[in-house]
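Worksheet for the structure shown next.
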Amino acid sequence: MEEKKLDTNSIIGFALIFGIMIYMFWQNQPTPEEIEAQEKAKQEQIEAEQKAKADKQTLVTTPEDFTVGKGADSLQMVQLKNKLGAFAYAAANAADEETTIETDVFQLKFKNKGGFLSEVKLKQFVDYDSVPIYIIKDQNAAFNINFGTTDSRILNTQDLYFTPSVSKNGDNTIVSMKLKVSESKFLEYRYELKPDDYMIDFSIKSQGLNDVINSSQSINLDWNLKVTVMLKVFLMKIDIPIYIMSMMAEMQIILVLGTLKKR
């Protein structure tokens, strides 16, 4: 039987085919930039999937979730519990009312919804038309704390109803606004007003909320204030209004130079 042998041409052919395959493999492998782009796209896809999963699990509440009247019945309480979790306790007797406090220099109104100042009037001053001067009025101020809960909700204090109480600390007036999850667990805004002082002491504290507020998520505080202050200047004996606009962090202040006079 004749023994089969590979001739020189066959060997050269196999070598060429093998060389072409190696060259094609080398040519088609991705560049470092392409590898980096692929890794980035893969990571972005993973993050997008994780975010979509988290968004599906997290309940974001809106102001409409809190519009209930006093004395909610058992069915309403179940609905509130489903929407607000532990903070359904505060919404059960929600009332969109205001608490009015007066000192020697201020007349102030505190709104139950949001727990913040809704109106601040200067008692001892008027503008050049003898019109009362308001530092806060007509929703020119907003104060909000945004936080997550342990039952995967995102809440905003500006949408929740606080319970007001007023007390005395010597001559000072204490206004306490509490956002309650029970009588012993709450978030409190505390305002202390001195009789003849334009400074208001404000503090925030919580009690017993370790199992309610998710400490692993960021807590965001947002304060916006737009104030118009009336003053008077004279330039070359002509009463000329001057307009100055200043932006400072979250506070926008517009100074309009006109007349400010004491009562």
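Residue names in the structure tokens use chain letters A, B, ... in the order shown, residue numbers from 1 in each chain, and ligand numbers from 1 in the order shown.
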
Please list as a CSV table (one decimal) with N, CA and C atoms, in the first residue's frame every residue within 6 Å of region 137-151 of chain A, counting only C-alpha atoms and excluding residues in the same chain fewer than 4 positions away.
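Result file out_0.csv:
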```csv
chain,number,residue,atom,x,y,z
A,119,GLU,N,-46.3,83.7,56.7
A,119,GLU,CA,-46.4,85.2,56.7
A,119,GLU,C,-45.6,85.8,57.8
A,155,LEU,N,-40.6,61.1,50.8
A,155,LEU,CA,-41.5,62.1,51.3
A,155,LEU,C,-40.9,63.5,51.4
A,156,ASN,N,-41.8,64.5,51.3
A,156,ASN,CA,-41.4,65.9,51.4
A,156,ASN,C,-42.2,66.6,52.5
A,157,THR,N,-41.6,67.2,53.4
A,157,THR,CA,-42.3,67.8,54.5
A,157,THR,C,-43.2,68.9,54.1
A,158,GLN,N,-43.0,69.6,52.9
A,158,GLN,CA,-43.8,70.6,52.5
A,158,GLN,C,-45.2,70.1,52.1
A,212,VAL,N,-37.9,54.7,61.3
A,212,VAL,CA,-38.8,55.3,60.3
A,212,VAL,C,-38.1,55.9,59.1
A,213,ILE,N,-37.1,56.8,59.4
A,213,ILE,CA,-36.3,57.5,58.4
A,213,ILE,C,-35.1,56.6,58.0
A,214,ASN,N,-34.9,56.4,56.7
A,214,ASN,CA,-33.8,55.7,56.2
A,214,ASN,C,-32.5,56.5,56.2
A,219,ILE,N,-30.6,63.1,53.0
A,219,ILE,CA,-31.7,64.0,53.4
A,219,ILE,C,-31.4,65.4,52.9
A,220,ASN,N,-32.3,65.9,52.1
A,220,ASN,CA,-32.1,67.2,51.4
A,220,ASN,C,-32.9,68.3,52.0
A,221,LEU,N,-32.3,69.4,52.4
A,221,LEU,CA,-33.1,70.6,52.9
A,221,LEU,C,-33.0,71.7,51.8
A,222,ASP,N,-34.2,72.2,51.5
A,222,ASP,CA,-34.3,73.2,50.4
A,222,ASP,C,-35.1,74.4,51.0
A,223,TRP,N,-34.4,75.6,51.0
A,223,TRP,CA,-35.0,76.8,51.5
A,223,TRP,C,-34.9,77.9,50.4
A,224,ASN,N,-36.1,78.4,50.0
A,224,ASN,CA,-36.1,79.5,49.0
A,224,ASN,C,-36.8,80.7,49.5
A,225,LEU,N,-36.3,81.9,49.4
A,225,LEU,CA,-36.9,83.1,49.9
A,225,LEU,C,-36.7,84.2,48.9
A,226,LYS,N,-37.8,84.9,48.5
A,226,LYS,CA,-37.7,86.1,47.7
A,226,LYS,C,-38.3,87.2,48.5
```

Filtered DSSP result for region 88-181 of chain A, state strand (DSSP E or B), as a VMD selection string: chain A and resid 98 to 102 106 to 111 113 117 to 127 132 to 136 141 to 149 153 to 156 161 163 to 169 172 to 180

DSSP alpha helix (DSSP H) residues within region 14-212 of chain A, listed as an MDAnalysis selection string: chainID A and resid 14:28 32:57 74:84 88:91

One-decimal distance in Å that lies between CA of Asp197 (chain A) and CA of Asp96 (chain A): 28.8 Å

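Using only C-alpha atoms, the smallest distance between any of A:Ser216, A:Asp211, A:Asp104, A:Val126 and Tyr198 (chain A) comes from A:Asp104.
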
Spatial neighbours of region 167-183 of chain A, 7 Å, only C-alpha atoms, chain gap at least 6 places, as a PyMOL selection string: chain A and resi 86-87+89-90+115+161+189-195

Straight-line distance linking CA of Gln43 (chain A) with CA of Ile154 (chain A), stated in Å to one decimal: 26.0 Å

Pairwise distance for CA of Asp201 (chain A) and CA of Asp159 (chain A), rounded to one decimal in Å: 23.5 Å
